[in-house]
Structure formats: structure tokens, C-alpha cells
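Chemist: Okay, handing you the structure first.
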Amino acid sequence: MSCMLSTNFVSSVARSSTTAASKGAITSTAALAAKTTPTFCCRRQETPRTYTTRTIRPTLSSSSKHIAQLPTNTRRHISTTAGLQGLQDGNQSGISTTVKMSPPRPKRIVVGVTGATGTLFAIRILQVLKALGIESHLIMSKWALATMKYETSMTEAEVRSLATTNYTMKDMSAPPSSGSFLHDGMIIVPCSMKTLAAVRIGFCDDLISRSADVCLKERRRLVLAIRETPLSDIHLENMLSLRKAGAVIFPPVPAFYTRPKTIDDIINQSVGRMLDALDIHTEEFERWDGFKKL
Ligand SMILES: Cc1cc2nc3c(=O)[nH]c(=O)nc-3n(C[C@H](O)[C@H](O)[C@H](O)COP(=O)(O)O)c2cc1C
């Protein structure tokens, strides 16, 4: 399956991404100006900023002699608090420190693919991310690979080549396993009921469920394109629980008001809406614009 995104489409989305990034930078700068506490990390910063030679002088009411009499752990806590107080006060003498902002990075999405039917959705998402120049970090389960063989003529190597980075499902040491690996959200597409259940209870013994768990704990966007029908009480309870935990539950249910003519039309519409849920807005599908004369 080839990617059929027009140049206009790519550039229009690239433009809107840039605008979003600029907005992020403005917000960060405004927040920085409003606060006197230093910000140690910035996600959508256009240029790296370096804050040099902030000076800290502890401003404790307790005397040094008093602190020296306290147990070591308490002393360490008080010293840290005093240091922060010094920063907040903008004190100009004392300890010097240099804090560097994280450098800018490309937009980055983690894509998990599990063994539910619907691998075509995952393939289209990878194609779109690639066309937009957005990094994709792909994790495919054993059963995703098995179902993929039935559902598409693409080989595993061809699918993997669409992603920026590939990980194996068992590699629990891969970057998405840690909250310190910065990214802009994760989608599990399609998401099996087994993986849904694993994420719901926090039983993370593979890289897909672990990465999803990390998204929830870090309060990052997590989109679950769950696929099963009909749904049992257990499935529904798992979905509700994850919805309450902050995930977006996104069954790829087609819209028919667009009068889809091909499977591609149906896939593009669902994929467009899934990407909307990740704050990536494209023009590759028809958006509702009110009733028109038929
Ligand atoms: C052809 C095929 C289609 C499947 N479709 C679904 C499905 O739509 N939803 C689902 O929850 N499981 C489905 N399964 C079962 C899952 O593959 C199975 O539960 C597997 O353990 C999921 O593991 P994973 O989440 O690690 O990929 C399907 C299996 C096969 C072989």
C-alpha cells in the first residue's frame, strides 16, 4: 500500500505543526516570566535556553549551628529547601548553578500494534506520520505480526521500514519504557482486549503495555483504538476505567455521512480522527461542515 498524501497536504500540516510549536514556546516563555522558580525542562521550545549563574543563598531562620545539631537527613532536606527559597527570592550571592533547557526535538509518537484485527489502520498511521516528518516509534506484538499476514500484502520488513525506530515487544529497556523519554503521545492501533486489560490493571510485562502505563503516569496522551465486537462487561469496565485514567478510547467505527466508496476512504476517515486525538490535524479526510444540498 503506498502513501498518497499530496504535497499541499503535507505542507499545510507542517505549517500548522509549526504554529502549534510556536504557541508552545510562547506559553513557556510567558510562564517563565510569570514565575520566579526556574523551569528545568521545556517540551515545545523552539530554541534552547541557558540560564547561567543563578545564585542561591539559604535564607533560613534557623542558625547554621541549629541545623548542624539535626540528624543528617533532616539537614539535607532543610538545605535543599533553603536553596529553593534562595532561587525564589532571586538572591544574588551564594552558590552558583547553571541550568540548561532540553534542546528542541522533533514531534514524536509511539505506535503500538497488537493482535486485534485492523492492522491496516496502523499501516496508514505510520504512512501519514512518515509523510509529515513526525517520528514514529513502533512496537508490534507477536499476534500483530500474525494477523498482519492475513490482512495485508505488505511484508513485516515493509511495515517496519515506515517507522523511524522499531523496538521488539520484549525489550523492556527500550526508551518508551521510561517516562524520561520525551514524546508527544502513544496510540495502540488496533488494541486487543488482552492489551486493554493489561493496561487497565497495570500488568506491564511487555513493551506495549509498559509504554502505555508510562503515558498514563506521565499524563501524556494515550489513544486506544480498541477492536472487539460484541463487548462484554469486562471489556466495557476496562474501557471505562482507562477512560477515567485519562486514555482516549477510540474504537475505529466508520462514519457513513461521508459516503465512503472504498476501504481506503473508511480507513482514512478513522485514521484522520485518531490523529486528531493526538493533536495532529490533517486534511486527508472529509470533516463535517454542516448539512449541504445533496
Ligand atoms: C486473525 C485474528 C484476529 C483477532 N482479532 C481480535 C480482535 O479483533 N480483538 C481482540 O481483542 N483480539 C483479537 N484476536 C486475538 C488476539 O490476537 C489475542 O488475544 C492476542 O493474545 C492478543 O495479544 P497482544 O495484545 O499481545 O497482541 C485475534 C486473533 C487472530 C488470530
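Convention: chains lettered A, B, ... in C-alpha cells order; per-chain residue numbering from 1; ligands numbered from 1 as shown.
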Could you list, as a VMD selection string, all residues that come within 7 Å of ligand 1? Count only C-alpha atoms and all ligand atoms.
Modeler: chain A and resid 114 to 117 141 to 144 146 to 147 191 to 195 227 to 228
Chemist: Restricting the calculation to only C-alpha atoms: of A:Ala174, A:Ile201, A:Met239, A:Ala255, which residue gets closest to His137 in chain A?
Modeler: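 Distance minimum relative to His137 in chain A lands on A:Ala174.
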Chemist: Find the spatial neighbours of range 283-294 of chain A, counting only C-alpha atoms, within a cut-off of 7 Å - ignore same-chain residues fewer than 3 positions away - and output them as a short mmCIF file (atom, residue, chain, number, x, y, z; two decimals) with N, CA and C atoms, in the first residue's frame.
Modeler:
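Output (around_7.cif):
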data_model
loop_
_atom_site.label_atom_id
_atom_site.label_comp_id
_atom_site.auth_asym_id
_atom_site.auth_seq_id
_atom_site.Cartn_x
_atom_site.Cartn_y
_atom_site.Cartn_z
N PHE A 9 -1.02 18.98 1.15
CA PHE A 9 -1.49 18.46 2.42
C PHE A 9 -0.35 18.43 3.43
N THR A 258 -20.03 10.48 5.20
CA THR A 258 -19.07 10.88 4.17
C THR A 258 -19.23 10.05 2.88
N ASN A 268 -9.04 6.10 5.97
CA ASN A 268 -8.56 7.49 6.07
C ASN A 268 -9.38 8.32 7.05
N GLN A 269 -10.69 8.08 7.05
CA GLN A 269 -11.55 8.86 7.96
C GLN A 269 -11.22 8.51 9.41
N GLY A 272 -7.70 9.75 10.31
CA GLY A 272 -7.71 11.21 10.49
C GLY A 272 -8.21 11.59 11.87
#
Chemist: Interatomic distance between CA of Pro175 in chain A and CA of Arg221 in chain A?
Modeler: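 Distance reported for this atom pair: 16.8 Å.
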Chemist: Let me make sure I understand: among A:Leu145, A:Ala122, A:Met154, A:Val159, which one has the smallest atom-to-atom distance to Ile188 in chain A if we use only C-alpha atoms?
Modeler: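 Checking each candidate against Ile188 in chain A, we get A:Ala122 as the closest.
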Chemist: Figure out the distance between CA of Thr262 in chain A and CA of Glu158 in chain A, please, to one decimal in Å.
Modeler: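 Going from CA of Glu158 in chain A over to CA of Thr262 in chain A, I get 22.9 Å.
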Chemist: Using only C-alpha atoms, which residue out of A:Phe256, A:Leu216, A:Leu126, A:Thr282 lies closest to Ser241 in chain A?
Modeler: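 Smallest separation from Ser241 in chain A among the options: A:Leu216.
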Chemist: Leaving out Ser173 in chain A and any residue of its chain fewer than 5 positions from it, which residues lie within 12 Å of it when counting only C-alpha atoms, given as a list in words?
Modeler: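 Returned residues: Tyr167, Thr168, Ser178, Gly179, Phe181, Asp205, Asp206, Leu207, Arg210 and Ser211 of chain A.
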Chemist: Can those selected residues be exported to a file as a PDB file, in the first residue's frame so that it contains N, CA and C atoms?
Modeler:
ATOM      1  N   TYR A 167      11.110  -1.294  17.879  1.00  0.00           N
ATOM      2  CA  TYR A 167      11.526  -1.987  19.108  1.00  0.00           C
ATOM      3  C   TYR A 167      10.882  -3.362  19.114  1.00  0.00           C
ATOM      4  N   THR A 168      11.510  -4.291  19.826  1.00  0.00           N
ATOM      5  CA  THR A 168      10.844  -5.577  19.985  1.00  0.00           C
ATOM      6  C   THR A 168       9.958  -5.499  21.222  1.00  0.00           C
ATOM      7  N   SER A 178      10.448   4.260  29.645  1.00  0.00           N
ATOM      8  CA  SER A 178      10.747   5.221  30.715  1.00  0.00           C
ATOM      9  C   SER A 178      10.041   6.558  30.474  1.00  0.00           C
ATOM     10  N   GLY A 179       9.590   7.141  31.558  1.00  0.00           N
ATOM     11  CA  GLY A 179       8.946   8.455  31.477  1.00  0.00           C
ATOM     12  C   GLY A 179       9.920   9.550  31.079  1.00  0.00           C
ATOM     13  N   PHE A 181      11.927   9.443  28.637  1.00  0.00           N
ATOM     14  CA  PHE A 181      11.963   9.522  27.168  1.00  0.00           C
ATOM     15  C   PHE A 181      10.772  10.393  26.752  1.00  0.00           C
ATOM     16  N   ASP A 205       4.040  -6.474  31.355  1.00  0.00           N
ATOM     17  CA  ASP A 205       5.170  -7.381  31.120  1.00  0.00           C
ATOM     18  C   ASP A 205       5.603  -7.402  29.658  1.00  0.00           C
ATOM     19  N   ASP A 206       5.139  -6.440  28.868  1.00  0.00           N
ATOM     20  CA  ASP A 206       5.676  -6.284  27.514  1.00  0.00           C
ATOM     21  C   ASP A 206       5.796  -4.783  27.230  1.00  0.00           C
ATOM     22  N   LEU A 207       6.516  -4.448  26.148  1.00  0.00           N
ATOM     23  CA  LEU A 207       6.837  -3.034  25.916  1.00  0.00           C
ATOM     24  C   LEU A 207       5.606  -2.186  25.553  1.00  0.00           C
ATOM     25  N   ARG A 210       3.696  -1.571  28.915  1.00  0.00           N
ATOM     26  CA  ARG A 210       4.548  -0.727  29.763  1.00  0.00           C
ATOM     27  C   ARG A 210       4.560   0.732  29.245  1.00  0.00           C
ATOM     28  N   SER A 211       4.714   0.884  27.937  1.00  0.00           N
ATOM     29  CA  SER A 211       4.771   2.241  27.367  1.00  0.00           C
ATOM     30  C   SER A 211       3.443   2.962  27.591  1.00  0.00           C
TER      31      SER A 211
END
Chemist: For the atom pair CA of Ser177 in chain A and CA of Glu135 in chain A, what is the interatomic distance in Å to one decimal place?
Modeler: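 Separation of CA of Ser177 in chain A and CA of Glu135 in chain A: 16.7 Å.
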Chemist: Which residue is closest to Arg219 in chain A? Choose from A:Ser232, A:Thr155, A:Met101, A:Leu182 and count only C-alpha atoms.
Modeler: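 Counting only C-alpha atoms, the residue closest to Arg219 in chain A is A:Leu182.
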Chemist: Give the answer as one residue: which of A:Met169, A:Leu132, A:Leu162, A:Ala245 has the shortest atom-to-atom distance to Gly202 in chain A, using only C-alpha atoms?
Modeler: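 Looking at the shortest contact to Gly202 in chain A, the residue is A:Ala245.
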Chemist: Can you tell me, as a list in words, what residues are no more than 10 Å from Val110 in chain A when counting only C-alpha atoms, ignoring any on the same chain fewer than 5 positions away?
Modeler: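 Contacts, in chain order: Glu135, Ser136, His137, Leu138, Ile139, Ala163, Thr165, Asn166, Pro176, His183, Asp184, Gly185, Met186, Ile187, Ile188, Ile208, Ser211, Ala212, Cys215 and Leu222 of chain A.
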